[in-house]
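*Asks:* Attaching a single structure in structure tokens format; questions to follow.
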Amino acid sequence: MDPHLLRTFVAVLDHRSFSAAASALGYTQSAVSQHIAALETDLGTRLVERRPVAPTPAGTRLMEHAPALLLRLDAARADIARLQHVRSSRLTLVCSPAALGSSVAHALAHLHSTTRPLDLEVRVQGREAVIEHVLTGRADVALVDGVAAPSDPLPLPDLGPATTRALTEEALAVLFPHDHPLARRRSVRLTDLAQAHWIDAPDTAVPLDRLRAVCRTDGFRPRIRHRGTDVHGLAALAAAGHGLTALPLSLAATLTGAAVPVHGPRLVHRTELVHPADPSDAVRHLIDLVHR
């Protein structure tokens with residue numbers, strides 16, 4: 001498959017519009033239509049319904065593959081470009097909202113004070129964007145968090161030649177309103193909360209589909225949706241009774257609301273460091289500092 005056609009296909013379904021996809025990609029609407037037609041001819045099946053714009057069953061199946069394929073192509077380009085560039089004193093770290101803890105913050109402070117000059121930038125993004133930024137060279141190193149069984153790696157997508165390193169593991173907590181009947185419990189079981197109201201905040205808290213997977217249930221349905229990386233805003237919504245949310249205990253304990261540790265199933269909140277197979281000198285120094 002021609003990756004240019006595949007990228008157009010993804011844009012059309014992301015925007016649910018040929019004209020919006022054309023604007024985003026810098027093409028004419030006619031060119032977008034030609035790209036979709038060419039891809040459908042290549043694969044021998046209709047992929048996109050035109051009115052309204054929606055994927056066919058074959059298009060839905062292709063969308064399960066397309067984003068990962070395009071990301072690997074972009075990652076390969078970035079990996080080759082990285083080999084040709086001289087090491088610089090720049091360090092761009094991208095992290096999900098609950099991933100940047102005190103150990104990394106102190107390591108960055110030490111690195112900044114001992115490396116002159118150092119152009120340091122920290123970006124906070126949703127988890128999918130974090131992985132994309134480090135694989136495509138828009139960031140030098142990433143911190144990503146999630147839940148897993150103790151000592152198990154996070155269920156990350158195929159990262160190609162990138163390297164992951166365990167950074168921290170800690171208890172998971174559920175954030176309740178202070179007047180919730182369970183707010184004074186010493187601990188809770190996630191499975192007992194499957195039918196409660198939850199906040200869908202995949203960029204900030206533990207994604208609800210991950211809770212469904214680890215608890216093997218179709219519960220954990222959202223009452224409202226929260227988009228973005230504002231942890232304090234998410235906590236305010238939980239404290240006001242809009243729904244529950246799951247966060248690392250050390251973070252949840254500092255926020256508005258009542259943080260109650262999870263004791264079952266056996267899960268930890270895990271943070272991993274992700275970097276290219278051939279990291280920059282600044283990244284190597286940071287890795288040494290956080291693993292001391």
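Going through the structure tokens in order, the chains are called A, B, and so on, while each chain numbers its residues from 1 and the ligands are numbered from 1 in the order shown.
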Using only C-alpha atoms, which residues sit within 9 Å of A:Ser17 once same-chain residues fewer than 4 positions away are excluded, as a list in words?
*Replies:*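 Returned residues: Ala11, Val12, Leu13, Ala21, Ala22, Arg50, Pro52, Val53 and Ala54 of chain A.
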*Asks:* How close does stretch 189-291 of chain A get to stretch 73-84 of chain A? List, as CSV, each residue of stretch 189-291 of chain A within 10 Å, its nearest atom pair and the distance in Å to one decimal, counting only C-alpha atoms.
*Replies:*
residue,atom,partner,partner_atom,distance
A:Pro276,CA,A:Asp79,CA,7.7
A:Ala277,CA,A:Asp79,CA,8.7
A:Asp278,CA,A:Leu83,CA,8.2
A:Pro279,CA,A:Arg82,CA,9.0
A:Ser280,CA,A:Arg82,CA,9.1
*Asks:* Which of these, A:Ala68, A:Met1, A:Leu43, A:Ala282, has the shortest distance to A:Pro117 once you count only C-alpha atoms?
*Replies:*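 Smallest distance to A:Pro117 is found for A:Ala282.
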*Asks:* Within 6 Å of A:Leu172, counting only C-alpha atoms, which residues qualify if same-chain residues fewer than 4 places away don't, as a list of chain:residue names?
*Replies:* A:Leu247, A:Pro248, A:Leu249, A:Pro261, A:Val262, A:Val268, A:His269
*Asks:* Grab the residues selected above and save them as a CSV table (one decimal), in the first residue's frame with C-alpha atoms.
*Replies:*
chain,number,residue,atom,x,y,z
A,247,LEU,CA,-4.6,7.6,39.6
A,248,PRO,CA,-1.3,6.8,41.3
A,249,LEU,CA,-1.7,7.0,45.0
A,261,PRO,CA,-5.8,2.7,47.7
A,262,VAL,CA,-6.8,-0.3,45.5
A,268,VAL,CA,0.5,-1.2,40.4
A,269,HIS,CA,0.8,2.1,38.7
*Asks:* Which residues in stretch 45-286 of chain A does DSSP call helix (DSSP H, G or I)? List them as a PyMOL selection string.
*Replies:* chain A and resi 57-84+102-114+127-135+190-193+208-215+231-239+249-252+281-286
*Asks:* Could you pull the residues within 9 Å of A:Gly228, counting only C-alpha atoms, minus those fewer than 5 positions along the same chain, as a ChimeraX atom specification?
*Replies:* /A:125-126,201-204
*Asks:* Mind writing the picked residues with N, CA, C and O atoms as a PDB file, in the first residue's frame?
*Replies:*
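Once written, part.pdb looks like this:
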ATOM      1  N   GLN A 125       1.658  15.490  27.495  1.00  0.00           N
ATOM      2  CA  GLN A 125       0.749  15.072  26.426  1.00  0.00           C
ATOM      3  C   GLN A 125      -0.038  13.854  26.887  1.00  0.00           C
ATOM      4  O   GLN A 125       0.302  13.221  27.896  1.00  0.00           O
ATOM      5  N   GLY A 126      -1.067  13.512  26.132  1.00  0.00           N
ATOM      6  CA  GLY A 126      -1.748  12.242  26.358  1.00  0.00           C
ATOM      7  C   GLY A 126      -0.834  11.082  26.005  1.00  0.00           C
ATOM      8  O   GLY A 126       0.156  11.248  25.296  1.00  0.00           O
ATOM      9  N   ALA A 201     -11.225   9.648  31.190  1.00  0.00           N
ATOM     10  CA  ALA A 201     -10.119  10.610  31.047  1.00  0.00           C
ATOM     11  C   ALA A 201      -8.862   9.866  30.593  1.00  0.00           C
ATOM     12  O   ALA A 201      -7.889   9.737  31.342  1.00  0.00           O
ATOM     13  N   PRO A 202      -8.841   9.345  29.360  1.00  0.00           N
ATOM     14  CA  PRO A 202      -7.749   8.470  28.928  1.00  0.00           C
ATOM     15  C   PRO A 202      -6.390   9.142  28.836  1.00  0.00           C
ATOM     16  O   PRO A 202      -5.365   8.466  28.915  1.00  0.00           O
ATOM     17  N   ASP A 203      -6.350  10.474  28.680  1.00  0.00           N
ATOM     18  CA  ASP A 203      -5.063  11.156  28.595  1.00  0.00           C
ATOM     19  C   ASP A 203      -4.447  11.410  29.960  1.00  0.00           C
ATOM     20  O   ASP A 203      -3.252  11.695  30.066  1.00  0.00           O
ATOM     21  N   THR A 204      -5.255  11.341  31.027  1.00  0.00           N
ATOM     22  CA  THR A 204      -4.801  11.769  32.340  1.00  0.00           C
ATOM     23  C   THR A 204      -4.834  10.656  33.372  1.00  0.00           C
ATOM     24  O   THR A 204      -3.846  10.397  34.057  1.00  0.00           O
TER      25      THR A 204
END
*Asks:* Skip A:Pro177 itself and residues of its chain fewer than 6 positions away, then list as a VMD selection string all residues within 8 Å of it, counting only C-alpha atoms.
*Replies:* chain A and resid 183 238 to 241 257 to 258
*Asks:* So how many Å separate atom CA of A:Leu255 and atom CA of A:Ala235, to one decimal?
*Replies:*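 Pair atom CA of A:Leu255 / atom CA of A:Ala235 returns 6.2 Å.
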*Asks:* Contacts of A:Thr60 at 12 Å or less, counting only C-alpha atoms, minus same-chain residues fewer than 2 places along, as a list in words?
*Replies:* Phe9, Val10, Leu13, Asp14, Arg46, Leu47, Val48, Glu49, Ala54, Pro55, Thr56, Pro57, Ala58, Leu62, Met63, Glu64, His65, Ala66 and Pro67 of chain A
*Asks:* Would you mind telling me which residue in A:Leu118, A:Ala196, A:Val260, A:Leu6 lies nearest to A:Ala37 when using only C-alpha atoms?
*Replies:*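 When distances to A:Ala37 are compared using only C-alpha atoms, the smallest one comes from A:Leu6.
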*Asks:* Quick one: everything within 12 Å of A:Arg212, counting only C-alpha atoms, minus sequence neighbours fewer than 3 positions away in the same chain. Send it as a ChimeraX atom specification.
*Replies:* /A:147,190-191,193-195,198,206-209,215-222,265
*Asks:* Just list the residues in stretch 38-264 of chain A DSSP gives strand (DSSP E) on the backbone, as a PyMOL selection string.
*Replies:* chain A and resi 48-49+54-55+90-95+119-124+141-148+163-170+172-176+188-189+198-200+222-225+245-248+258-264
*Asks:* With only C-alpha atoms as the atoms that count, which of A:Leu93, A:Ala253, A:Ile199, A:Leu154 lies nearest to A:His275?
*Replies:*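 Using only C-alpha atoms, A:His275 sits closest to A:Leu93.
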*Asks:* Would you work out the distance separating atom CA of A:Leu244 from atom CA of A:His178, expressed in Å to one decimal?
*Replies:* 11.7 Å
*Asks:* My list of candidates is A:His4, A:His232, A:Arg90, A:His112. Which is closest to A:Thr254 when distances are computed with only C-alpha atoms?
*Replies:*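 Looking at the shortest contact to A:Thr254, the residue is A:His232.
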*Asks:* Which is closer to A:Val104 than all the others in A:Thr168, A:Thr41, A:Ala259, A:Ala129, using only C-alpha atoms?
*Replies:*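 Closest candidate: A:Thr168.
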